[in-house]
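Source file: structure37.cif; contents: mmCIF, C-alpha atoms (C1' of nucleotides).
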```cif
data_work
loop_
_atom_site.label_atom_id
_atom_site.label_comp_id
_atom_site.auth_asym_id
_atom_site.auth_seq_id
_atom_site.Cartn_x
_atom_site.Cartn_y
_atom_site.Cartn_z
CA MET A 28 15.13 33.62 -25.35
CA ALA A 29 14.68 34.15 -21.66
CA PRO A 30 17.38 36.74 -20.97
CA GLY A 31 18.44 37.15 -17.39
CA VAL A 32 18.97 33.46 -16.83
CA ARG A 33 22.52 32.75 -15.91
CA GLY A 34 24.31 29.48 -15.90
CA ARG A 35 24.67 26.58 -18.27
CA PRO A 36 21.56 26.01 -20.37
CA ARG A 37 19.76 22.71 -20.23
CA SER A 38 20.77 20.38 -22.97
CA THR A 39 17.43 18.66 -23.46
CA SER A 40 13.85 18.69 -22.13
CA VAL A 41 11.36 16.47 -20.38
CA SER A 42 9.41 16.15 -23.60
CA ASP A 43 12.51 14.90 -25.41
CA LEU A 44 13.07 12.37 -22.67
CA GLU A 45 9.46 11.31 -22.93
CA GLU A 46 9.84 10.82 -26.65
CA ALA A 47 12.98 8.75 -26.30
CA ALA A 48 11.33 6.71 -23.58
CA VAL A 49 8.23 5.92 -25.60
CA GLU A 50 10.35 4.60 -28.43
CA LEU A 51 12.29 2.33 -26.13
CA PHE A 52 9.22 1.20 -24.24
CA LEU A 53 7.56 0.19 -27.47
CA GLU A 54 10.66 -1.69 -28.56
CA GLN A 55 11.67 -3.45 -25.37
CA GLY A 56 8.93 -2.81 -22.83
CA TYR A 57 9.01 -0.66 -19.75
CA GLU A 58 10.73 -3.01 -17.34
CA SER A 59 13.46 -3.99 -19.75
CA THR A 60 14.31 -0.38 -20.43
CA SER A 61 16.74 1.02 -17.93
CA ILE A 62 17.17 4.67 -17.11
CA ASP A 63 20.58 4.38 -18.68
CA ASP A 64 18.98 3.39 -21.97
CA ILE A 65 16.67 6.39 -21.97
CA ALA A 66 19.38 8.83 -20.96
CA ARG A 67 21.74 7.49 -23.57
CA ARG A 68 19.21 7.82 -26.35
CA ALA A 69 18.43 11.37 -25.25
CA GLY A 70 22.12 12.17 -25.17
CA ILE A 71 22.58 12.85 -21.48
CA SER A 72 24.00 10.99 -18.52
CA ARG A 73 22.05 8.94 -16.04
CA SER A 74 22.67 11.55 -13.34
CA ALA A 75 21.31 14.33 -15.53
CA PHE A 76 18.17 12.28 -16.09
CA PHE A 77 17.19 12.86 -12.49
CA GLY A 78 17.63 16.55 -13.01
CA TYR A 79 14.66 16.48 -15.36
CA VAL A 80 12.49 13.89 -13.75
CA GLY A 81 12.26 12.48 -10.27
CA ALA A 82 11.56 8.93 -11.31
CA LYS A 83 11.28 6.73 -14.34
CA SER A 84 7.51 6.52 -13.94
CA ASP A 85 7.21 10.30 -14.13
CA LEU A 86 7.67 10.02 -17.86
CA LEU A 87 4.41 8.13 -18.10
CA TRP A 88 2.53 10.94 -16.42
CA HIS A 89 3.93 13.92 -18.21
CA ASP A 90 0.79 14.62 -20.25
CA VAL A 91 -1.51 13.92 -17.36
CA ASP A 92 0.48 16.17 -15.08
CA GLN A 93 0.11 19.02 -17.51
CA ALA A 94 -3.63 18.45 -17.71
CA LEU A 95 -3.83 18.42 -13.92
CA GLY A 96 -2.05 21.74 -13.89
CA ARG A 97 -4.68 23.24 -16.16
CA ILE A 98 -7.58 22.46 -13.86
CA ARG A 99 -8.92 25.63 -12.30
CA LEU A 100 -11.05 25.17 -9.22
CA VAL A 101 -12.78 27.83 -7.16
CA ASP A 102 -14.09 27.54 -3.63
CA GLY A 103 -17.83 27.21 -3.60
CA MET A 104 -18.20 25.22 -6.79
CA ASP A 105 -20.82 22.49 -6.96
CA ARG A 106 -20.24 18.99 -8.29
CA ALA A 107 -21.22 19.84 -11.82
CA GLY A 108 -18.93 22.84 -11.83
CA VAL A 109 -15.99 20.75 -10.72
CA ALA A 110 -16.74 18.15 -13.35
CA GLU A 111 -16.77 20.82 -16.02
CA ALA A 112 -13.52 22.29 -14.77
CA ILE A 113 -11.81 18.92 -15.00
CA ALA A 114 -13.30 18.20 -18.39
CA GLY A 115 -12.15 21.60 -19.60
CA ALA A 116 -8.58 20.78 -18.73
CA LEU A 117 -8.83 17.74 -20.98
CA GLU A 118 -9.99 19.66 -24.04
CA PRO A 119 -6.46 20.15 -25.43
CA TRP A 120 -6.31 16.38 -25.75
CA GLY A 121 -9.21 16.36 -28.16
CA ASP A 122 -9.78 12.77 -29.20
CA ARG A 123 -6.10 11.90 -29.12
CA VAL A 124 -4.91 9.63 -26.36
CA PRO A 125 -1.56 10.62 -24.82
CA TRP A 126 1.18 8.26 -25.88
CA MET A 127 1.80 6.85 -22.49
CA LEU A 128 -1.84 5.92 -21.94
CA ARG A 129 -1.91 4.04 -25.22
CA GLU A 130 -0.24 0.76 -25.94
CA THR A 131 0.06 0.07 -22.26
CA ALA A 132 -0.18 -3.60 -23.09
CA ILE A 133 2.77 -3.47 -25.47
CA MET A 134 4.85 -1.39 -23.11
CA GLY A 135 3.85 -3.38 -20.09
CA THR A 136 3.16 -0.24 -18.13
CA ASP A 137 -0.14 -1.21 -16.53
CA ALA A 138 1.44 -2.23 -13.28
CA VAL A 139 3.54 0.91 -13.02
CA LEU A 140 0.60 3.11 -13.84
CA ARG A 141 -1.41 1.51 -11.09
CA GLN A 142 1.40 2.05 -8.64
CA SER A 143 1.67 5.73 -9.34
CA ALA A 144 -2.00 6.47 -10.01
CA PHE A 145 -3.11 7.13 -6.45
CA GLU A 146 -0.07 9.26 -5.80
CA ARG A 147 -0.94 11.37 -8.83
CA LEU A 148 -4.65 11.65 -8.24
CA GLU A 149 -4.76 12.21 -4.52
CA PRO A 150 -3.69 15.86 -4.76
CA LEU A 151 -6.56 16.43 -7.16
CA VAL A 152 -8.95 14.86 -4.68
CA ALA A 153 -7.67 17.25 -2.05
CA ARG A 154 -8.19 20.23 -4.31
CA VAL A 155 -11.69 19.13 -5.23
CA GLU A 156 -12.54 18.57 -1.60
CA ARG A 157 -11.49 22.10 -0.80
CA ALA A 158 -13.58 23.53 -3.61
CA LEU A 159 -16.64 21.52 -2.60
CA ARG A 160 -16.42 22.13 1.11
CA VAL A 161 -18.55 25.27 1.02
CA ARG A 162 -21.53 23.38 -0.37
CA GLU A 163 -20.95 19.84 0.81
CA GLY A 164 -19.64 20.55 4.27
CA ARG A 165 -17.93 17.77 6.17
CA ALA A 166 -18.97 15.16 3.62
CA ALA A 167 -16.83 16.81 0.96
CA LEU A 168 -14.08 14.21 1.01
CA PRO A 169 -16.06 11.13 -0.03
CA VAL A 170 -17.88 13.23 -2.60
CA ALA A 171 -14.62 14.51 -4.00
CA ALA A 172 -13.06 11.05 -4.05
CA ALA A 173 -16.09 9.60 -5.79
CA LEU A 174 -16.16 12.37 -8.36
CA VAL A 175 -12.50 12.08 -9.23
CA ALA A 176 -12.68 8.31 -9.36
CA ALA A 177 -15.63 8.43 -11.72
CA VAL A 178 -13.93 10.87 -14.06
CA VAL A 179 -10.68 8.93 -14.05
CA SER A 180 -12.38 5.64 -14.77
CA GLY A 181 -14.26 7.34 -17.57
CA VAL A 182 -11.07 8.63 -19.11
CA VAL A 183 -9.45 5.23 -18.80
CA GLU A 184 -12.36 3.59 -20.60
CA TRP A 185 -12.18 6.31 -23.22
CA SER A 186 -8.48 5.71 -23.77
CA GLN A 187 -9.18 2.06 -24.43
CA ASP A 188 -12.00 2.63 -26.88
CA GLY A 189 -10.53 1.44 -30.12
CA ARG A 190 -12.35 3.61 -32.64
CA SER A 191 -15.24 6.03 -32.60
CA ARG A 192 -13.69 7.72 -29.66
CA GLY A 193 -14.98 11.24 -29.06
CA PRO A 194 -13.16 13.96 -27.17
CA ALA A 195 -11.74 13.12 -23.76
CA SER A 196 -13.65 15.94 -22.12
CA ASP A 197 -16.98 14.44 -23.20
CA ALA A 198 -16.05 11.10 -21.72
CA ALA A 199 -15.09 12.77 -18.47
CA LEU A 200 -18.36 14.65 -18.20
CA ARG A 201 -20.40 11.59 -19.05
CA ALA A 202 -18.71 9.52 -16.38
CA ALA A 203 -19.24 12.20 -13.77
CA ARG A 204 -22.96 12.35 -14.55
CA THR A 205 -23.57 8.62 -14.52
CA ALA A 206 -21.81 8.22 -11.20
CA ALA A 207 -23.79 11.05 -9.64
CA GLY A 208 -27.11 9.59 -10.80
CA MET B 8 -1.90 -29.95 12.99
CA ALA B 9 -2.40 -30.22 9.29
CA PRO B 10 -1.31 -33.80 8.71
CA GLY B 11 -0.36 -34.78 5.22
CA VAL B 12 1.90 -31.79 4.69
CA ARG B 13 5.35 -32.90 3.78
CA GLY B 14 8.54 -30.97 3.84
CA ARG B 15 10.15 -28.53 6.18
CA PRO B 16 7.62 -26.50 8.17
CA ARG B 17 7.63 -22.74 7.95
CA SER B 18 9.54 -21.14 10.75
CA THR B 19 7.40 -18.03 11.13
CA SER B 20 4.31 -16.34 9.70
CA VAL B 21 3.24 -13.20 7.90
CA SER B 22 1.60 -11.97 11.07
CA ASP B 23 4.85 -12.38 12.98
CA LEU B 24 6.66 -10.45 10.29
CA GLU B 25 4.02 -7.76 10.47
CA GLU B 26 4.46 -7.51 14.21
CA ALA B 27 8.23 -7.24 13.97
CA ALA B 28 7.86 -4.66 11.24
CA VAL B 29 5.48 -2.46 13.19
CA GLU B 30 7.89 -2.34 16.10
CA LEU B 31 10.76 -1.30 13.89
CA PHE B 32 8.68 1.18 11.93
CA LEU B 33 7.62 2.87 15.15
CA GLU B 34 11.22 2.98 16.35
CA GLN B 35 13.04 4.05 13.22
CA GLY B 36 10.42 4.82 10.61
CA TYR B 37 9.53 2.90 7.50
CA GLU B 38 12.25 4.12 5.17
CA SER B 39 15.04 3.66 7.68
CA THR B 40 14.01 0.08 8.31
CA SER B 41 15.52 -2.32 5.84
CA ILE B 42 14.15 -5.71 4.96
CA ASP B 43 17.23 -7.13 6.63
CA ASP B 44 16.21 -5.47 9.89
CA ILE B 45 12.73 -6.97 9.78
CA ALA B 46 13.95 -10.41 8.81
CA ARG B 47 16.59 -10.39 11.52
CA ARG B 48 14.12 -9.45 14.20
CA ALA B 49 11.76 -12.15 13.03
CA GLY B 50 14.60 -14.65 13.04
CA ILE B 51 14.78 -15.47 9.37
CA SER B 52 16.99 -14.51 6.47
CA ARG B 53 16.35 -11.82 3.95
CA SER B 54 15.72 -14.40 1.27
CA ALA B 55 13.14 -16.17 3.38
CA PHE B 56 11.35 -12.86 3.86
CA PHE B 57 10.33 -12.90 0.22
CA GLY B 58 8.91 -16.34 0.71
CA TYR B 59 6.29 -14.83 2.99
CA VAL B 60 5.68 -11.51 1.35
CA GLY B 61 6.26 -10.19 -2.13
CA ALA B 62 7.33 -6.74 -1.08
CA LYS B 63 8.09 -4.68 1.98
CA SER B 64 4.91 -2.65 1.49
CA ASP B 65 2.80 -5.79 1.63
CA LEU B 66 3.24 -5.76 5.37
CA LEU B 67 1.30 -2.51 5.55
CA TRP B 68 -1.66 -4.04 3.78
CA HIS B 69 -1.94 -7.32 5.58
CA ASP B 70 -5.07 -6.39 7.52
CA VAL B 71 -6.66 -4.65 4.58
CA ASP B 72 -5.97 -7.60 2.32
CA GLN B 73 -7.74 -9.89 4.72
CA ALA B 74 -10.74 -7.56 4.83
CA LEU B 75 -10.79 -7.44 1.04
CA GLY B 76 -10.86 -11.21 1.02
CA ARG B 77 -13.95 -11.22 3.22
CA ILE B 78 -16.03 -9.12 0.85
CA ARG B 79 -18.73 -11.26 -0.76
CA LEU B 80 -20.26 -9.81 -3.90
CA VAL B 81 -23.00 -11.28 -6.04
CA ASP B 82 -23.89 -10.40 -9.60
CA GLY B 83 -27.01 -8.28 -9.72
CA MET B 84 -26.44 -6.37 -6.52
CA ASP B 85 -27.40 -2.72 -6.39
CA ARG B 86 -25.23 0.07 -5.03
CA ALA B 87 -26.60 -0.18 -1.52
CA GLY B 88 -26.05 -3.91 -1.49
CA VAL B 89 -22.43 -3.53 -2.50
CA ALA B 90 -21.89 -0.88 0.13
CA GLU B 91 -23.30 -3.19 2.78
CA ALA B 92 -21.15 -6.07 1.60
CA ILE B 93 -18.03 -3.97 1.91
CA ALA B 94 -19.06 -2.59 5.27
CA GLY B 95 -19.75 -6.10 6.47
CA ALA B 96 -16.21 -7.15 5.71
CA LEU B 97 -15.01 -4.36 7.99
CA GLU B 98 -17.03 -5.46 10.99
CA PRO B 99 -14.24 -7.60 12.48
CA TRP B 100 -12.27 -4.40 12.85
CA GLY B 101 -14.87 -2.94 15.16
CA ASP B 102 -13.63 0.45 16.22
CA ARG B 103 -10.00 -0.60 16.26
CA VAL B 104 -7.79 0.79 13.55
CA PRO B 105 -5.32 -1.73 12.09
CA TRP B 106 -1.81 -1.02 13.25
CA MET B 107 -0.48 -0.10 9.90
CA LEU B 108 -3.17 2.49 9.26
CA ARG B 109 -2.42 4.17 12.57
CA GLU B 110 0.61 6.20 13.38
CA THR B 111 1.31 6.63 9.72
CA ALA B 112 2.86 9.98 10.60
CA ILE B 113 5.30 8.40 13.04
CA MET B 114 6.17 5.58 10.72
CA GLY B 115 6.35 7.81 7.69
CA THR B 116 4.28 5.40 5.68
CA ASP B 117 1.92 7.85 4.00
CA ALA B 118 3.91 7.96 0.79
CA VAL B 119 4.20 4.20 0.55
CA LEU B 120 0.54 3.71 1.26
CA ARG B 121 -0.36 6.11 -1.50
CA GLN B 122 1.89 4.25 -3.91
CA SER B 123 0.33 0.91 -3.24
CA ALA B 124 -3.26 2.05 -2.68
CA PHE B 125 -4.45 2.03 -6.26
CA GLU B 126 -2.81 -1.32 -6.87
CA ARG B 127 -4.68 -2.74 -3.89
CA LEU B 128 -8.04 -1.17 -4.57
CA GLU B 129 -8.32 -1.62 -8.29
CA PRO B 130 -9.15 -5.32 -8.06
CA LEU B 131 -12.01 -4.40 -5.75
CA VAL B 132 -13.27 -1.87 -8.28
CA ALA B 133 -13.23 -4.59 -10.92
CA ARG B 134 -15.21 -6.93 -8.69
CA VAL B 135 -17.74 -4.25 -7.85
CA GLU B 136 -18.12 -3.37 -11.49
CA ARG B 137 -18.90 -6.95 -12.30
CA ALA B 138 -21.49 -7.16 -9.57
CA LEU B 139 -23.15 -3.92 -10.63
CA ARG B 140 -23.16 -4.58 -14.35
CA VAL B 141 -26.55 -6.26 -14.34
CA ARG B 142 -28.24 -3.17 -13.00
CA GLU B 143 -25.99 -0.36 -14.14
CA GLY B 144 -25.10 -1.64 -17.58
CA ARG B 145 -22.21 -0.07 -19.39
CA ALA B 146 -21.92 2.73 -16.85
CA ALA B 147 -20.95 0.26 -14.14
CA LEU B 148 -17.26 1.18 -14.09
CA PRO B 149 -17.51 4.84 -13.08
CA VAL B 150 -20.19 3.92 -10.58
CA ALA B 151 -18.02 1.21 -9.09
CA ALA B 152 -14.98 3.46 -8.98
CA ALA B 153 -16.96 6.22 -7.32
CA LEU B 154 -18.45 3.84 -4.77
CA VAL B 155 -15.12 2.32 -3.80
CA ALA B 156 -13.44 5.70 -3.65
CA ALA B 157 -16.13 7.04 -1.36
CA VAL B 158 -15.90 4.10 1.00
CA VAL B 159 -12.13 4.20 1.09
CA SER B 160 -12.01 7.90 1.81
CA GLY B 161 -14.57 7.36 4.53
CA VAL B 162 -12.47 4.67 6.15
CA VAL B 163 -9.37 6.84 5.90
CA GLU B 164 -11.16 9.70 7.64
CA TRP B 165 -12.41 7.26 10.23
CA SER B 166 -8.91 5.96 10.89
CA GLN B 167 -7.73 9.49 11.57
CA ASP B 168 -10.56 10.38 13.94
CA GLY B 169 -8.79 10.76 17.23
CA ARG B 170 -11.52 9.78 19.68
CA SER B 171 -15.22 9.02 19.53
CA ARG B 172 -14.59 6.78 16.62
CA GLY B 173 -17.42 4.35 15.96
CA PRO B 174 -17.10 1.06 14.09
CA ALA B 175 -15.36 1.09 10.73
CA SER B 176 -18.35 -0.44 9.01
CA ASP B 177 -20.55 2.49 10.01
CA ALA B 178 -18.08 4.96 8.59
CA ALA B 179 -17.97 3.03 5.36
CA LEU B 180 -21.73 2.98 4.99
CA ARG B 181 -22.03 6.66 5.81
CA ALA B 182 -19.48 7.63 3.20
CA ALA B 183 -21.17 5.53 0.55
CA ARG B 184 -24.50 7.21 1.23
CA THR B 185 -23.22 10.77 1.21
CA ALA B 186 -21.41 10.25 -2.06
CA ALA B 187 -24.48 8.76 -3.69
CA GLY B 188 -26.70 11.62 -2.61
"C1'" DA C 22 38.93 40.90 -21.76
"C1'" DG C 23 38.61 38.81 -17.54
"C1'" DG C 24 36.80 37.32 -13.15
"C1'" DG C 25 32.87 35.93 -10.30
"C1'" DA C 26 28.41 33.71 -9.76
"C1'" DA C 27 25.01 30.77 -11.11
"C1'" DT C 28 23.30 26.70 -13.36
"C1'" DC C 29 23.75 22.43 -15.34
"C1'" DA C 30 26.32 17.94 -16.73
"C1'" DT C 31 29.37 14.10 -15.53
"C1'" DG C 32 31.02 10.01 -13.39
"C1'" DG C 33 31.27 7.44 -9.59
"C1'" DA C 34 29.99 5.65 -5.08
"C1'" DC C 35 26.48 4.11 -2.14
"C1'" DG C 36 22.30 1.88 0.13
"C1'" DG C 37 18.40 -0.49 -0.69
"C1'" DG C 38 14.63 -3.39 -3.07
"C1'" DG C 39 13.54 -7.41 -5.59
"C1'" DT C 40 15.00 -11.66 -8.35
"C1'" DC C 41 17.41 -15.78 -8.88
"C1'" DC C 42 19.93 -19.89 -7.73
"C1'" DA C 43 22.82 -23.69 -5.62
"C1'" DG C 44 23.27 -25.84 -1.60
"C1'" DG C 45 21.77 -27.39 2.83
"C1'" DA C 46 18.25 -28.37 6.53
"C1'" DA C 47 13.87 -30.23 8.43
"C1'" DC C 48 9.94 -32.73 7.80
"C1'" DG C 49 6.54 -37.08 6.32
"C1'" DC C 50 6.37 -41.43 4.18
"C1'" DC C 51 7.80 -45.89 2.89
"C1'" DG D 27 17.69 -45.44 6.53
"C1'" DG D 28 16.52 -43.64 1.91
"C1'" DC D 29 13.44 -40.50 -0.72
"C1'" DG D 30 10.65 -36.72 -2.18
"C1'" DT D 31 9.01 -32.41 -0.70
"C1'" DT D 32 9.19 -28.07 1.24
"C1'" DC D 33 11.56 -24.56 3.27
"C1'" DC D 34 15.80 -21.81 4.74
"C1'" DT D 35 20.40 -19.72 3.73
"C1'" DG D 36 23.90 -17.10 1.68
"C1'" DG D 37 25.37 -14.90 -2.05
"C1'" DA D 38 25.33 -12.85 -6.66
"C1'" DC D 39 23.01 -9.87 -9.62
"C1'" DC D 40 20.44 -5.77 -11.77
"C1'" DC D 41 18.39 -1.60 -11.20
"C1'" DC D 42 16.38 2.50 -8.91
"C1'" DG D 43 17.13 6.64 -6.58
"C1'" DT D 44 20.38 9.68 -3.76
"C1'" DC D 45 24.49 12.11 -3.03
"C1'" DC D 46 28.76 14.45 -4.07
"C1'" DA D 47 33.08 16.39 -6.08
"C1'" DT D 48 34.44 18.03 -10.23
"C1'" DG D 49 34.17 20.20 -14.50
"C1'" DA D 50 31.58 22.70 -18.29
"C1'" DT D 51 28.83 26.55 -20.04
"C1'" DT D 52 26.54 30.72 -19.76
"C1'" DC D 53 25.50 35.67 -18.05
"C1'" DC D 54 26.81 39.87 -15.77
"C1'" DC D 55 29.73 43.32 -14.04
"C1'" DT D 56 33.96 45.75 -13.86
#
```

With the file now loaded, output its structure as structure tokens.
Amino acid sequence: MAPGVRGRPRSTSVSDLEEAAVELFLEQGYESTSIDDIARRAGISRSAFFGYVGAKSDLLWHDVDQALGRIRLVDGMDRAGVAEAIAGALEPWGDRVPWMLRETAIMGTDAVLRQSAFERLEPLVARVERALRVREGRAALPVAAALVAAVVSGVVEWSQDGRSRGPASDAALRAARTAAG
Amino acid sequence: MAPGVRGRPRSTSVSDLEEAAVELFLEQGYESTSIDDIARRAGISRSAFFGYVGAKSDLLWHDVDQALGRIRLVDGMDRAGVAEAIAGALEPWGDRVPWMLRETAIMGTDAVLRQSAFERLEPLVARVERALRVREGRAALPVAAALVAAVVSGVVEWSQDGRSRGPASDAALRAARTAAG
DNA sequence: AGGGAATCATGGACGGGGTCCAGGAACGCC
DNA sequence: GGCGTTCCTGGACCCCGTCCATGATTCCCT
């Protein structure tokens, strides 16, 4: 596939690394799993690991990062439009929680997720602010921050709902509405 | 002072460490300043450093942590009440921006602040949720998250306002109101 | 077939953060 | 002065993330 690409082909993928990591995290926990462990199980060296991923915690965000990449915002949107755009990007998830957002207790990843959450979400806040600026003016930033925070907290609650969990996009929309009320 | 305390007295304080750190951060930047550098300038060993502070980034949050500790929430508050409580805790700041929130460009601390922001703010979200639960019911979490996010973004904007910056508490209140509207 | 050129993998070195611990130093109390 | 308590020190340790020289694998062109 992909003709015209020269050079040595990659020997694995981020998804494979993610898979290997989840296994190890479930077995030994996040902190007790070194990058060496993950790389070894995926069949590459520690150095190569950093050719796929910039940090160990990136593996936890792989699914979320892809969802973030699917969000399509347009300048001039209103709050509801932004909420729908974000919810739409979550539709591929359906009612299935990404591996890394589940079993956080077993893996002991809560602390790490908190550390990297702001870093991950802040770019989205910036994008939302830009989209809202036409309608909200100079107050766009707090509005954007509040909107994103509401949606995120909604998704987090959703991911912790044991059973009877609907689609992620519904949870996102619901949270956005309740916060706006 | 403080009679009845046995044992060797502490040889410095967190505030002293913060002061030494700010100097070094302004001179060399955050990343280029090692914990050894800070400890040396403060006249203690690297090991002792961790007896005052759990991590290098804690120094950046010293002022904010104290403000967080001043916030008094009561179960049954409404959104406006919570906003006022938070704003009240910021009054000691007046219109002066804490050292570590200023000159973040010079110190190169933006990345570190982002990393530790969620970690710092999430406990506040939890407290706000608890206070709001009486009135907001099960939707308290997204509301709390949105409220905190709005206030924080407002304070961040305030801290970057070059001149004609009013008190921090005003900025916090303003942001909370615009996000709620 | 053979020689670039490009891309990736490897192993190792390095600096730094954070933890841990054994020993010593400074205090109050008896 | 002895004792318990609290703190400081120096060092060892593990791991993360960066960097680099070297080698491996592929495509393309001649």

Written as a PDB file with C-alpha atoms (C1' of nucleotides), keeping the file's coordinate frame, which residues does the PyMOL selection byres ((chain C) within 7 of (chain B)) give for the file shown?
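New file expr.pdb:
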```
ATOM      1  C1'  DA C  47      13.870 -30.230   8.430  1.00  0.00           C
ATOM      2  C1'  DC C  48       9.940 -32.730   7.800  1.00  0.00           C
ATOM      3  C1'  DG C  49       6.540 -37.080   6.320  1.00  0.00           C
TER       4       DG C  49
END
```

Would you pick out the contacts of D:DT35 at 9 Å or less, using only C-alpha atoms (C1' of nucleotides), so that residues sharing its chain but fewer than 6 positions from it are not included, and give the list as a tab-separated table (two decimals) with C-alpha atoms (C1' of nucleotides), keeping the file's coordinate frame?
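Writing done, so here's around_4.tsv:
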```
chain	number	residue	atom	x	y	z
B	52	SER	CA	16.99	-14.51	6.47
B	53	ARG	CA	16.35	-11.82	3.95
B	54	SER	CA	15.72	-14.40	1.27
B	55	ALA	CA	13.14	-16.17	3.38
C	44	DG	C1'	23.27	-25.84	-1.60
C	45	DG	C1'	21.77	-27.39	2.83
```

> Taking the file as shown, what set of residues would the PyMOL selection byres ((chain B) within 10 of (chain A)) give back, as a ChimeraX atom specification?
Replying inline: /B:118-129,132,143,146-164,179,181-188

>> Ranking B:Ala175, B:Ile51, B:Ala90, B:Ile45 by minimum distance to chain D and counting all atoms listed in the file, which one comes first?
In response: B:Ile51

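By chain and then residue number, the residues within 9 Å of A:Val124 are A:Trp120, A:Gly121, A:Met127, A:Leu128, A:Arg129, A:Trp185, A:Ser186, A:Gln187, A:Ala195, counting all atoms listed in the file and disregarding those fewer than 3 positions away in sequence.
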
> Care to translate the PyMOL selection byres ((chain D) within 6 of (chain B)) into actual residues of this file, as a PyMOL selection string?
Replying inline: chain D and resi 31-33

Within 12 Å of (36.7, 37.9, -13.9) in the file's own coordinates, which protein, DNA or RNA residues have an atom, counting all atoms listed in the file? List them as an mmCIF file with C-alpha atoms (C1' of nucleotides), in the coordinates of the input.
```
data_model
loop_
_atom_site.group_PDB
_atom_site.id
_atom_site.type_symbol
_atom_site.label_atom_id
_atom_site.label_comp_id
_atom_site.auth_asym_id
_atom_site.auth_seq_id
_atom_site.Cartn_x
_atom_site.Cartn_y
_atom_site.Cartn_z
ATOM 1 C "C1'" DA C 22 38.930 40.900 -21.760
ATOM 2 C "C1'" DG C 23 38.610 38.810 -17.540
ATOM 3 C "C1'" DG C 24 36.800 37.320 -13.150
ATOM 4 C "C1'" DG C 25 32.870 35.930 -10.300
ATOM 5 C "C1'" DA C 26 28.410 33.710 -9.760
ATOM 6 C "C1'" DC D 54 26.810 39.870 -15.770
ATOM 7 C "C1'" DC D 55 29.730 43.320 -14.040
ATOM 8 C "C1'" DT D 56 33.960 45.750 -13.860
#
```

Neighbour list for stretch 76-87 of chain B as a PDB file with C-alpha atoms, keeping the file's coordinate frame, cut-off 10 Å, only C-alpha atoms (C1' of nucleotides), skip fewer than 6 positions in-chain:
```
ATOM      1  CA  ASP B  70      -5.070  -6.390   7.520  1.00  0.00           C
ATOM      2  CA  ILE B  93     -18.030  -3.970   1.910  1.00  0.00           C
ATOM      3  CA  ALA B  94     -19.060  -2.590   5.270  1.00  0.00           C
ATOM      4  CA  GLY B  95     -19.750  -6.100   6.470  1.00  0.00           C
ATOM      5  CA  ALA B  96     -16.210  -7.150   5.710  1.00  0.00           C
ATOM      6  CA  LEU B  97     -15.010  -4.360   7.990  1.00  0.00           C
ATOM      7  CA  PRO B  99     -14.240  -7.600  12.480  1.00  0.00           C
ATOM      8  CA  LEU B 131     -12.010  -4.400  -5.750  1.00  0.00           C
ATOM      9  CA  ARG B 134     -15.210  -6.930  -8.690  1.00  0.00           C
ATOM     10  CA  VAL B 135     -17.740  -4.250  -7.850  1.00  0.00           C
ATOM     11  CA  GLU B 136     -18.120  -3.370 -11.490  1.00  0.00           C
ATOM     12  CA  ARG B 137     -18.900  -6.950 -12.300  1.00  0.00           C
ATOM     13  CA  ALA B 138     -21.490  -7.160  -9.570  1.00  0.00           C
ATOM     14  CA  LEU B 139     -23.150  -3.920 -10.630  1.00  0.00           C
ATOM     15  CA  ARG B 140     -23.160  -4.580 -14.350  1.00  0.00           C
ATOM     16  CA  VAL B 141     -26.550  -6.260 -14.340  1.00  0.00           C
ATOM     17  CA  ARG B 142     -28.240  -3.170 -13.000  1.00  0.00           C
ATOM     18  CA  GLU B 143     -25.990  -0.360 -14.140  1.00  0.00           C
ATOM     19  CA  VAL B 150     -20.190   3.920 -10.580  1.00  0.00           C
ATOM     20  CA  ALA B 151     -18.020   1.210  -9.090  1.00  0.00           C
ATOM     21  CA  LEU B 154     -18.450   3.840  -4.770  1.00  0.00           C
ATOM     22  CA  LEU B 180     -21.730   2.980   4.990  1.00  0.00           C
ATOM     23  CA  ALA B 183     -21.170   5.530   0.550  1.00  0.00           C
ATOM     24  CA  ARG B 184     -24.500   7.210   1.230  1.00  0.00           C
ATOM     25  CA  ALA B 187     -24.480   8.760  -3.690  1.00  0.00           C
TER      26      ALA B 187
END
```

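Atom CA of B:Asp117 is positioned 17.0 Å from atom CA of B:Glu25.
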
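Atom pair atom CA of B:Thr19 / atom C1' of C:DG37: separated by 23.8 Å.
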
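Our summary of the geometry notes that atom CA of B:Leu75 is positioned 13.0 Å from atom CA of B:Ser176.
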
A:Leu51 surroundings by all atoms listed in the file, 9 Å radius, close-in-sequence under 3 positions cut, as a PDB file with C-alpha atoms, in the coordinates of the input:
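Written output follows (out.pdb):
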```pdb
ATOM      1  CA  GLU A  46       9.840  10.820 -26.650  1.00  0.00           C
ATOM      2  CA  ALA A  47      12.980   8.750 -26.300  1.00  0.00           C
ATOM      3  CA  ALA A  48      11.330   6.710 -23.580  1.00  0.00           C
ATOM      4  CA  GLU A  54      10.660  -1.690 -28.560  1.00  0.00           C
ATOM      5  CA  GLN A  55      11.670  -3.450 -25.370  1.00  0.00           C
ATOM      6  CA  GLY A  56       8.930  -2.810 -22.830  1.00  0.00           C
ATOM      7  CA  TYR A  57       9.010  -0.660 -19.750  1.00  0.00           C
ATOM      8  CA  THR A  60      14.310  -0.380 -20.430  1.00  0.00           C
ATOM      9  CA  ASP A  64      18.980   3.390 -21.970  1.00  0.00           C
ATOM     10  CA  ILE A  65      16.670   6.390 -21.970  1.00  0.00           C
ATOM     11  CA  ARG A  68      19.210   7.820 -26.350  1.00  0.00           C
ATOM     12  CA  MET A 134       4.850  -1.390 -23.110  1.00  0.00           C
TER      13      MET A 134
END
```
